[in-house]
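Engineer: Below is the structure I would like to discuss, written out as structure tokens.
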Amino acid sequence: MNTEKDKVMDIKEAIKRFVKNGSHISIGGFTLNRNPMAAVYEIIRQNIKNLHLYAHANGQAVDELIGAGCISKLEIAYGGNARFAPTCIRFKKAIQDGKILFEDYTNYQMALRFLAGAIGVPFLPTRSSLGTDILNKWGFSKDLRKKDPKIPNKKVIVMNNPFDSWGDASKVVLLPAITPDVTIIHVQKADKQGTIRMKGLTFADVEQAKSSKYLIVTCEELVESDELRDDPDQNQIPFFYVDAVVHIPYGAYPTACYRYYDYDPIYLNEYRRYAQDDDLFKKYLDKFVYGVKDHQELLNVVGKERIEMIKADPRTGYAINLDRK
Amino acid sequence: MNTEKDKVMDIKEAIKRFVKNGSHISIGGFTLNRNPMAAVYEIIRQNIKNLHLYAHANGQAVDELIGAGCISKLEIAYGGNARFAPTCIRFKKAIQDGKILFEDYTNYQMALRFLAGAIGVPFLPTRSSLGTDILNKWGFSKDLRKKDPKIPNKKVIVMNNPFDSWGDASKVVLLPAITPDVTIIHVQKADKQGTIRMKGLTFADVEQAKSSKYLIVTCEELVESDELRDDPDQNQIPFFYVDAVVHIPYGAYPTACYRYYDYDPIYLNEYRRYAQDDDLFKKYLDKFVYGVKDHQELLNVVGKERIEMIKADPRTGYAINLDRK
Amino acid sequence: MAEYTLREIMTVVAAREIKDGDIVFCGTGISMIAAMAAKHINAPNSVIFFETGAIDSKLEELPLTVADPRVMYFTSMNGGLADSFATMQNKFISKHVIGILGAAQIDKFGNLNSTSIGDYLRPKARFPGSGGACDAASFVSRSIIFMQHEKRKFVQKVDYLTSPGWLDGPKGRKKAGLPGGGPSVVVTNMAIMRFDEKTKEMYLSGYYPGITPQKILDNMGFEVDISRAKEVKPPSYEELIVLREKCDPQRLILE
Amino acid sequence: MAEYTLREIMTVVAAREIKDGDIVFCGTGISMIAAMAAKHINAPNSVIFFETGAIDSKLEELPLTVADPRVMYFTSMNGGLADSFATMQNKFISKHVIGILGAAQIDKFGNLNSTSIGDYLRPKARFPGSGGACDAASFVSRSIIFMQHEKRKFVQKVDYLTSPGWLDGPKGRKKAGLPGGGPSVVVTNMAIMRFDEKTKEMYLSGYYPGITPQKILDNMGFEVDISRAKEVKPPSYEELIVLREKCDPQRLILE
């Protein structure tokens, strides 16, 4: 929260200032789309640890953060990344090896939990998951819940409808709000003050952004305010929610950014091979994350040709006929 | 709800088909903006009675419907219409004279109640109104609540936070969902199938639209689907929520429609004078509602000059320097 | 000393209460002028927003309602009611949001009635109702209240408690479960009233030049402490210029 | 008779289950092809939508995930997760919404596991988790489930009940408080399974040409009634043309 006029800074500073060891964070995007990858790589490079991550189906970023050992606790709905990883590979390994604490929700439930945080209520109700193990199996122990004031006392609560059968409902599931310390999203356009315009699907980015104490926004284009205010119906987040605006073209790479570029199937296939094996994964990090000083250098390593290949077609917003096998 | 390709009909048919004596209805817009006036006048002309109206601050339309005797029950947050009627005049009279049953909420609460209906939960929580008479004073008796299955058993419920002090909240107010039989909104653009694009503020139109069993949309422009689908980020309601699409230019007149026309201060001032007195108000209805066969004829009575006067300036979306005294 | 109208001093006095960085929940009329003036005078980084969903509008002309098309122009974002109230209820944002409210009745704890006088179901006088006022009074960190100083408006007990002030005293809001702070100041056509830090009861903080504390008491239905009252600094020439030239050049509100 | 692959018959069999006017909650892969095919074959007014918020996308190329930029093109509306699940939970819309789901395990009541095998906290095998599957299975009026017919997948009891089927029988969903209908059909690489109207237990409804009911039973971890089974009508030439030329000309899914 910040009403100032200029919040532009570089990604190193933004991460350093707002993401600390042990922070509770959330990241925008969905599977292989609009993940704030430049910010994620910077978190890994800054060696920030013990993060508590809230995710719905944030795919690639989740897997890389887990793989790099940044995450100690995870609340999640879906750890998959399309055919590139039907189950995210480092996520799968970390859970099977007991390396992280985790708790499962549904995508709607995570969206509602962010929404609850965004609108300032302690919980929101849904009728999803009644009768399932989402309600029965808790990932965080009662003891941990008692000790850690940043984890709610209960995973979920099933309540009888206090309005009798109003809405044809006998029961509802109450989901506790999430209010992360920091949320990071990558968007198409922002101005210096932090007015935000996304194109295409917004996923749960708006709810995540508004639920958070601090909000870092990385953007493809840093534009004049006039451009965004000339048609404010198209903007999704007003500036005062934003704490840092970082201009990073291709900031979602190797995931997609609608109307700018597609996901890079070559990178994601390569990632899959590296991720299968612990030693190989170290090599991946050494080469593509630690081995580059910033996102631009990663793009240089990947090479112009690949960047050219994924460029979005202006009519459809994605790379037509991209080889995605 | 309807997935068909062509839902275009005229307003007479739309009202006749979906709005019945005793229907529970809601209308879009806010005070003197984007009220679906053409539809409201048609309801009055068709002499539909005993409507149960859900309103937040829908201003002009609410006052005219009450004045014409169409409303028997009203759930409302605000009955005012700017300086033209600090308290809506026929609304004020009807309540002071005991002519309608009514119940008071806040604007946020009405928005949340529509949202609850839209998203299919029996209630939503808020922290607004704790300690106030909004909670204590109920407009509908317990007896009526018991007898009428379309009214919830309780106006509101105050509940202790079941997640202890999660979200720093000790208590919440639960508000019962609204699911009207019909909602009517007036929008800037629609296609035949019912994809909707509004410009400027959406008020609670989207929530009202989605909460409703049937949805009538009147529009300034009936456009080709391609125009709306070419940038679907700007559309607010997908077509399958819509049951009737009615093309009525100036369908919000005498209220405003952003980027098309302003409110008509002359009409609204005149209305105020008519509304002050029962006999005068009958004359108003005779001349401006019953006396015209449709909305176009009302516009003819008002005259081209006035319509020209309120035309929106293309830069700002309203009529610059309009005499609004 | 510059000449000024009552409306002008009320507006300036309220504007001075707005701090830099405040996000101002605003109605129409005089409260909007006050919020606009503050941006020019003492709070350049304050932000005006409307319950209808318009955030940081460019107000080239004065809106007559919060749904006036004039609030929709050149905003940071055009949303809807649900968004805008949620902004006020948001844990992190609400700390920076203040409200400007008005009412038909007020009591010594700053509780407001904008619903009706007399029996709720069959009132002697019906007003518009809460609108977003109760929401704002519930959520925001502090609020500025505009009132006309009249005996029938400053009452022992409001006929209908529409918008929560400090409820029944210093613990009232906490007991009720309300999130935000209570009213901080009442700006009238005669005076500035504040609320005692301990008792949360209204007291006279300042009286306008030419008005005596006794006259103020004569126009109230309950007693207040007048021992802390000082004369209010009248609007400066610069403040008046802002009002007249930047905020309401058409004199739609200031007359 | 036209030649066809297993994937093709599965797709066509699922497509035939979609009715005109259905709003189809769709994942990626074969389920998306089935939904696309239905629009060309038997349900021209059906609508595909994705949990990510894309409604009625123009799928010029096959998306690889529900967040693929390809789902965002030429939709009726691009929203977000909260919108799209709310659409499924909506009282009036949900009656017309159907889901297409898959899983790692299924039991005789159509309950699905897509979370993990073994102990939840330290599983032998971890899968992606619910995503939107549990939400859809909770809300929609009926669902179509894709499964591979294997003993370890058709189990007595799922290790983790991710998405509700009929739970423990005909009254299970009502007891639990679930709003929507349960699963209506399971489409596998060998057969079509349905659920008995009274007991809500799975039974064999149809077997693909060349597959015997016994072979199907051999590939399941629980017994089902096979007395009602008939041979499934193979894909017609027209159906195959739709699949191959309109739905997946690049052979990304159908191989």
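Just so we're on the same page: first chain in the structure tokens is A, next is B, and so on; residues restart at 1 for each chain, and ligands are numbered from 1 in the order they show up.
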Can you tell me, as JSON, numbers by chain, what residues are no more than 6 Å from segment 102-109 of chain D when counting only C-alpha atoms, ignoring any on the same chain fewer than 5 positions away?
Structural biologist: {"D": [114, 145, 146, 153, 154, 155, 156, 157, 165, 166, 201, 202]}
Engineer: What would the file look like if the residues just selected were written as a short mmCIF file (atom, residue, chain, number, x, y, z; two decimals), in the first residue's frame with C-alpha atoms?
Structural biologist:
```
data_model
loop_
_atom_site.label_atom_id
_atom_site.label_comp_id
_atom_site.auth_asym_id
_atom_site.auth_seq_id
_atom_site.Cartn_x
_atom_site.Cartn_y
_atom_site.Cartn_z
CA SER D 114 -5.83 -37.20 -8.23
CA ILE D 145 -14.77 -39.27 -16.37
CA PHE D 146 -11.88 -40.47 -18.48
CA LYS D 153 -6.83 -47.50 -10.98
CA PHE D 154 -10.27 -49.06 -10.42
CA VAL D 155 -9.94 -49.62 -6.68
CA GLN D 156 -12.08 -50.65 -3.71
CA LYS D 157 -11.19 -47.47 -1.90
CA GLY D 165 -18.50 -39.01 -7.03
CA TRP D 166 -21.61 -40.47 -5.42
CA GLU D 201 -22.80 -48.25 -8.22
CA MET D 202 -20.77 -48.49 -11.37
#
```
Engineer: What residues in chain C lie within 8 Å of chain A, counting only C-alpha atoms, written as a JSON list (two decimals) with N, CA and C atoms, in the first residue's frame?
Structural biologist:
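File produced: out_10.json:
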```
[["chain", "number", "residue", "atom", "x", "y", "z"],
["C", 21, "GLY", "N", -1.21, 11.04, 1.77],
["C", 21, "GLY", "CA", -1.23, 9.58, 1.73],
["C", 21, "GLY", "C", -2.58, 8.98, 2.09],
["C", 45, "ASN", "N", -0.48, 13.67, -2.11],
["C", 45, "ASN", "CA", -0.56, 12.24, -2.39],
["C", 45, "ASN", "C", -1.81, 11.58, -1.81],
["C", 46, "SER", "N", -2.83, 12.37, -1.47],
["C", 46, "SER", "CA", -4.08, 11.74, -1.08],
["C", 46, "SER", "C", -4.84, 11.35, -2.34],
["C", 47, "VAL", "N", -5.74, 10.41, -2.17],
["C", 47, "VAL", "CA", -6.46, 9.84, -3.32],
["C", 47, "VAL", "C", -7.94, 9.87, -3.01],
["C", 55, "ILE", "N", -11.73, 5.24, -8.97],
["C", 55, "ILE", "CA", -10.57, 5.48, -8.13],
["C", 55, "ILE", "C", -9.69, 6.56, -8.74],
["C", 73, "TYR", "N", -14.08, 9.47, -15.49],
["C", 73, "TYR", "CA", -13.09, 9.93, -16.46],
["C", 73, "TYR", "C", -11.68, 9.88, -15.91],
["C", 74, "PHE", "N", -10.78, 9.24, -16.67],
["C", 74, "PHE", "CA", -9.34, 9.29, -16.40],
["C", 74, "PHE", "C", -8.99, 8.82, -14.98],
["C", 75, "THR", "N", -9.68, 7.78, -14.53],
["C", 75, "THR", "CA", -9.38, 7.19, -13.22],
["C", 75, "THR", "C", -8.19, 6.24, -13.34],
["C", 76, "SER", "N", -7.73, 5.75, -12.19],
["C", 76, "SER", "CA", -6.75, 4.66, -12.21],
["C", 76, "SER", "C", -7.46, 3.38, -12.61],
["C", 77, "MET", "N", -8.70, 3.27, -12.20],
["C", 77, "MET", "CA", -9.48, 2.09, -12.53],
["C", 77, "MET", "C", -10.96, 2.36, -12.31],
["C", 78, "ASN", "N", -11.80, 1.83, -13.19],
["C", 78, "ASN", "CA", -13.24, 1.85, -12.98],
["C", 78, "ASN", "C", -13.70, 0.46, -12.59],
["C", 79, "GLY", "N", -14.16, 0.32, -11.39],
["C", 79, "GLY", "CA", -14.64, -0.98, -10.94],
["C", 79, "GLY", "C", -16.11, -0.93, -10.63],
["C", 83, "ASP", "N", -15.95, -4.06, -5.38],
["C", 83, "ASP", "CA", -14.52, -3.69, -5.32],
["C", 83, "ASP", "C", -14.27, -2.58, -4.33],
["C", 86, "ALA", "N", -14.76, -3.35, -0.71],
["C", 86, "ALA", "CA", -13.74, -4.31, -0.29],
["C", 86, "ALA", "C", -12.42, -3.60, -0.04],
["C", 87, "THR", "N", -12.13, -2.58, -0.82],
["C", 87, "THR", "CA", -10.92, -1.78, -0.62],
["C", 87, "THR", "C", -10.91, -1.19, 0.79],
["C", 89, "GLN", "N", -12.51, -2.42, 3.34],
["C", 89, "GLN", "CA", -12.51, -3.49, 4.34],
["C", 89, "GLN", "C", -11.15, -4.20, 4.37],
["C", 90, "ASN", "N", -10.36, -4.02, 3.32],
["C", 90, "ASN", "CA", -9.05, -4.67, 3.20],
["C", 90, "ASN", "C", -8.15, -4.32, 4.39],
["C", 91, "LYS", "N", -7.55, -5.34, 4.96],
["C", 91, "LYS", "CA", -6.74, -5.19, 6.17],
["C", 91, "LYS", "C", -5.62, -4.15, 6.03],
["C", 92, "PHE", "N", -4.95, -4.17, 4.88],
["C", 92, "PHE", "CA", -3.79, -3.29, 4.73],
["C", 92, "PHE", "C", -4.19, -1.90, 4.23],
["C", 93, "ILE", "N", -5.15, -1.86, 3.33],
["C", 93, "ILE", "CA", -5.56, -0.58, 2.75],
["C", 93, "ILE", "C", -6.39, 0.23, 3.74]]
```
Engineer: For chain B, report every residue with an atom at most 10 Å from chain A (counting only C-alpha atoms), formatted as number ranges by chain.
Structural biologist: B: 116-117, 119-127, 149-157, 159, 161-172, 174-179, 198-202, 230-235, 315-316
Engineer: Can you list, as number ranges by chain, all residues belonging to segment 13-147 of chain C that DSSP tags as helix (DSSP H, G or I)?
Structural biologist: C: 13-16, 30-41, 69-72, 81-89, 94-96, 133-139
Engineer: Can you list, as a list in words, every protein, DNA or RNA residue that comes within 9 Å of segment 34-37 of chain D when you count only C-alpha atoms, leaving out same-chain residues fewer than 4 positions away?
Structural biologist: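 Near neighbours after the sequence-gap exclusion: Met10, Thr11, Val12, Val13, Ala14, Ala15, Arg16, Ile18, Val24, Phe25, Cys26, Gly29, Ile30, Ile41, Asn42, Ala43, Ser46, Val47, Ile48, Leu59, Ile100, Glu239, Val242, Leu243, Lys246 and Cys247 of chain D.
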Engineer: Any idea what's packed within 9 Å of segment 246-249 of chain A, counting only C-alpha atoms, ignoring anything in its chain fewer than 6 positions away? Could you give it as a list in words?
Structural biologist: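 Neighbouring residues, sequence-local ones excluded: Lys7, Val8, Met9, Asp10, Ile11, Ala14, Ala38, His186, Ala190, Lys192, Ile216, Val217, Thr218, Cys219, Glu220, Glu221, Leu222, His295 and Gln296 of chain A.
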Engineer: Could you pull out the strand (DSSP E or B) residues of segment 123-254 of chain A from DSSP and send them as a compact mmCIF listing (two decimals) with N, CA, C and O atoms, in the first residue's frame?
Structural biologist:
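Result file follows (part-v4.txt):
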```
# COMPACT_ATOMS: atom_id res chain seq x y z
N PHE A 123 -12.97 -15.28 6.42
CA PHE A 123 -13.22 -16.52 5.66
C PHE A 123 -14.24 -16.24 4.57
O PHE A 123 -14.94 -15.22 4.60
N LEU A 124 -14.32 -17.15 3.62
CA LEU A 124 -15.41 -17.13 2.64
C LEU A 124 -15.98 -18.55 2.53
O LEU A 124 -15.27 -19.53 2.76
N PRO A 125 -17.25 -18.65 2.20
CA PRO A 125 -17.88 -19.97 2.10
C PRO A 125 -17.91 -20.49 0.66
O PRO A 125 -17.95 -19.73 -0.30
N THR A 126 -17.90 -21.81 0.55
CA THR A 126 -18.16 -22.44 -0.74
C THR A 126 -18.85 -23.76 -0.47
O THR A 126 -18.87 -24.24 0.68
N ILE A 157 -13.56 -25.24 7.91
CA ILE A 157 -14.64 -25.54 8.85
C ILE A 157 -15.89 -25.86 8.04
O ILE A 157 -16.23 -25.12 7.11
N VAL A 158 -16.55 -26.97 8.37
CA VAL A 158 -17.84 -27.27 7.74
C VAL A 158 -18.93 -26.78 8.67
O VAL A 158 -18.92 -27.08 9.86
N MET A 159 -19.84 -25.99 8.13
CA MET A 159 -20.86 -25.36 8.96
C MET A 159 -22.24 -25.64 8.38
O MET A 159 -22.42 -25.61 7.16
N ASN A 160 -23.21 -25.89 9.25
CA ASN A 160 -24.59 -25.96 8.78
C ASN A 160 -25.04 -24.57 8.33
O ASN A 160 -24.62 -23.57 8.91
N LYS A 171 -25.21 -27.26 3.97
CA LYS A 171 -23.91 -27.03 4.60
C LYS A 171 -23.02 -26.18 3.71
O LYS A 171 -23.20 -26.15 2.49
N VAL A 172 -22.07 -25.54 4.33
CA VAL A 172 -21.03 -24.86 3.56
C VAL A 172 -19.67 -25.14 4.18
O VAL A 172 -19.57 -25.48 5.35
N VAL A 173 -18.66 -24.98 3.34
CA VAL A 173 -17.27 -25.09 3.78
C VAL A 173 -16.74 -23.67 3.93
O VAL A 173 -16.82 -22.87 2.99
N LEU A 174 -16.22 -23.35 5.11
CA LEU A 174 -15.62 -22.02 5.32
C LEU A 174 -14.11 -22.13 5.15
O LEU A 174 -13.47 -23.00 5.74
N LEU A 175 -13.55 -21.23 4.36
CA LEU A 175 -12.12 -21.26 4.06
C LEU A 175 -11.44 -20.03 4.63
O LEU A 175 -11.86 -18.91 4.36
N PRO A 176 -10.37 -20.22 5.39
CA PRO A 176 -9.71 -19.07 6.02
C PRO A 176 -8.98 -18.19 4.99
O PRO A 176 -8.39 -18.70 4.02
N VAL A 182 4.01 -10.90 0.87
CA VAL A 182 4.34 -10.35 -0.45
C VAL A 182 3.66 -11.17 -1.53
O VAL A 182 3.64 -12.40 -1.46
N THR A 183 3.13 -10.47 -2.53
CA THR A 183 2.69 -11.14 -3.75
C THR A 183 3.48 -10.55 -4.91
O THR A 183 3.77 -9.35 -4.93
N ILE A 184 3.84 -11.41 -5.84
CA ILE A 184 4.55 -10.96 -7.04
C ILE A 184 3.76 -11.38 -8.26
O ILE A 184 3.43 -12.57 -8.40
N ILE A 185 3.42 -10.43 -9.11
CA ILE A 185 2.73 -10.77 -10.35
C ILE A 185 3.48 -10.16 -11.54
O ILE A 185 4.19 -9.17 -11.39
N HIS A 186 3.33 -10.80 -12.69
CA HIS A 186 3.89 -10.23 -13.91
C HIS A 186 2.75 -9.84 -14.84
O HIS A 186 1.86 -10.65 -15.10
N VAL A 187 2.78 -8.61 -15.32
CA VAL A 187 1.65 -8.10 -16.12
C VAL A 187 2.16 -7.50 -17.44
O VAL A 187 3.35 -7.29 -17.61
N GLN A 188 1.20 -7.22 -18.29
CA GLN A 188 1.57 -6.65 -19.59
C GLN A 188 1.97 -5.19 -19.48
O GLN A 188 2.97 -4.78 -20.04
N LYS A 189 1.17 -4.40 -18.77
CA LYS A 189 1.46 -2.97 -18.70
C LYS A 189 1.27 -2.41 -17.30
O LYS A 189 0.34 -2.76 -16.59
N ALA A 190 2.17 -1.49 -16.95
CA ALA A 190 2.01 -0.74 -15.70
C ALA A 190 2.55 0.66 -15.94
O ALA A 190 3.35 0.89 -16.84
N ILE A 196 -2.36 -0.97 -13.12
CA ILE A 196 -2.02 -2.23 -13.78
C ILE A 196 -3.02 -2.59 -14.87
O ILE A 196 -4.23 -2.54 -14.63
N ARG A 197 -2.50 -2.99 -16.03
CA ARG A 197 -3.37 -3.56 -17.07
C ARG A 197 -2.85 -4.92 -17.51
O ARG A 197 -1.75 -5.03 -18.02
N PHE A 203 -6.50 -14.96 -14.24
CA PHE A 203 -6.31 -16.05 -13.26
C PHE A 203 -6.77 -15.58 -11.87
O PHE A 203 -7.89 -15.10 -11.76
N TYR A 214 2.48 -6.51 0.83
CA TYR A 214 3.29 -5.82 -0.18
C TYR A 214 3.05 -6.46 -1.54
O TYR A 214 2.83 -7.66 -1.63
N LEU A 215 3.12 -5.64 -2.56
CA LEU A 215 2.87 -6.14 -3.92
C LEU A 215 3.97 -5.67 -4.86
O LEU A 215 4.19 -4.47 -5.02
N ILE A 216 4.66 -6.65 -5.44
CA ILE A 216 5.67 -6.36 -6.47
C ILE A 216 5.06 -6.69 -7.83
O ILE A 216 4.56 -7.80 -8.03
N VAL A 217 5.13 -5.74 -8.74
CA VAL A 217 4.62 -5.97 -10.08
C VAL A 217 5.76 -5.86 -11.08
O VAL A 217 6.44 -4.82 -11.14
N THR A 218 5.99 -6.92 -11.82
CA THR A 218 6.92 -6.81 -12.94
C THR A 218 6.09 -6.67 -14.21
O THR A 218 4.99 -7.20 -14.30
N CYS A 219 6.62 -5.92 -15.17
CA CYS A 219 5.79 -5.64 -16.35
C CYS A 219 6.59 -5.72 -17.65
O CYS A 219 7.78 -5.43 -17.68
N GLU A 220 5.87 -6.09 -18.70
CA GLU A 220 6.47 -6.09 -20.05
C GLU A 220 6.76 -4.67 -20.50
O GLU A 220 7.81 -4.40 -21.06
N GLU A 221 5.78 -3.80 -20.29
CA GLU A 221 5.94 -2.41 -20.73
C GLU A 221 5.64 -1.46 -19.58
O GLU A 221 4.62 -1.60 -18.91
N LEU A 222 6.53 -0.52 -19.41
CA LEU A 222 6.30 0.56 -18.44
C LEU A 222 5.80 1.73 -19.28
O LEU A 222 6.54 2.29 -20.09
N ILE A 237 -5.99 -3.30 -11.42
CA ILE A 237 -5.53 -3.02 -10.06
C ILE A 237 -5.18 -1.55 -9.94
O ILE A 237 -4.38 -1.04 -10.72
N ALA A 244 6.03 -1.92 -5.58
CA ALA A 244 7.19 -1.83 -6.47
C ALA A 244 6.76 -2.13 -7.89
O ALA A 244 6.01 -3.09 -8.13
N VAL A 245 7.21 -1.29 -8.82
CA VAL A 245 6.98 -1.53 -10.25
C VAL A 245 8.34 -1.81 -10.88
O VAL A 245 9.27 -0.99 -10.76
N VAL A 246 8.47 -2.97 -11.49
CA VAL A 246 9.75 -3.36 -12.08
C VAL A 246 9.55 -3.64 -13.57
O VAL A 246 8.71 -4.46 -13.94
N HIS A 247 10.32 -2.94 -14.38
CA HIS A 247 10.18 -3.14 -15.82
C HIS A 247 11.12 -4.25 -16.29
O HIS A 247 12.33 -4.08 -16.29
```
Engineer: Report the distance between atom CA of Glu238 of chain C and atom CA of Lys19 of chain C in Å, rounded to one decimal place.
Structural biologist: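 Between atom CA of Glu238 of chain C and atom CA of Lys19 of chain C the gap is 18.1 Å.
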Engineer: Rounded to one decimal, what separation in Å do you get between atom CA of Cys257 of chain A and atom CA of Val289 of chain A?
Structural biologist: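 One can read the atom CA of Cys257 of chain A to atom CA of Val289 of chain A distance as 20.2 Å.
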Engineer: Excluding same-chain residues fewer than 2 positions from segment 67-70 of chain C, what lies within 8 Å of it counting only C-alpha atoms, as an NGL selection string?
Structural biologist: (:B and (30-33 or 200-201 or 256-258 or 262 or 316-318)) or (:C and (52 or 59-65 or 72-73))
Engineer: Neighbouring residues of Glu103 of chain B were defined as those with any atom within 7 Å, considering only C-alpha atoms; residues of the same chain fewer than 4 positions away were excluded. Please report them as a tab-separated table (two decimals) with N, CA, C and O atoms, in the first residue's frame.
Structural biologist:
```tsv
chain	number	residue	atom	x	y	z
B	74	LEU	N	-39.76	-3.94	-0.78
B	74	LEU	CA	-38.52	-3.30	-1.22
B	74	LEU	C	-37.39	-3.62	-0.27
B	74	LEU	O	-37.51	-3.43	0.94
B	75	GLU	N	-36.28	-4.13	-0.78
B	75	GLU	CA	-35.05	-4.25	0.03
B	75	GLU	C	-34.07	-3.27	-0.58
B	75	GLU	O	-33.80	-3.31	-1.77
B	76	ILE	N	-33.57	-2.37	0.24
B	76	ILE	CA	-32.88	-1.21	-0.33
B	76	ILE	C	-31.76	-0.72	0.59
B	76	ILE	O	-31.78	-0.94	1.81
B	138	TRP	N	-35.61	-4.97	11.66
B	138	TRP	CA	-36.00	-5.74	10.49
B	138	TRP	C	-37.29	-5.18	9.91
B	138	TRP	O	-38.21	-4.83	10.64
B	139	GLY	N	-37.36	-5.11	8.60
B	139	GLY	CA	-38.55	-4.57	7.96
B	139	GLY	C	-39.62	-5.62	7.72
B	139	GLY	O	-40.81	-5.33	7.74
B	140	PHE	N	-39.20	-6.85	7.48
B	140	PHE	CA	-40.16	-7.92	7.22
B	140	PHE	C	-40.35	-8.71	8.51
B	140	PHE	O	-39.40	-9.08	9.18
```
Engineer: Given the choices C:Pro44, C:Gly53, C:Gly110, C:Gly118, which gets closest to Ser143 of chain C if the distance is worked out from only C-alpha atoms?
Structural biologist: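 Of the candidates, the smallest distance to Ser143 of chain C is held by C:Gly110.
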Engineer: Hey, what's within 12 Å of Arg306 of chain A if we count only C-alpha atoms and toss same-chain stuff fewer than 2 positions away? As a ChimeraX atom specification, please?
Structural biologist: /A:253-254,261-267,298-304,308-311,319,322-323
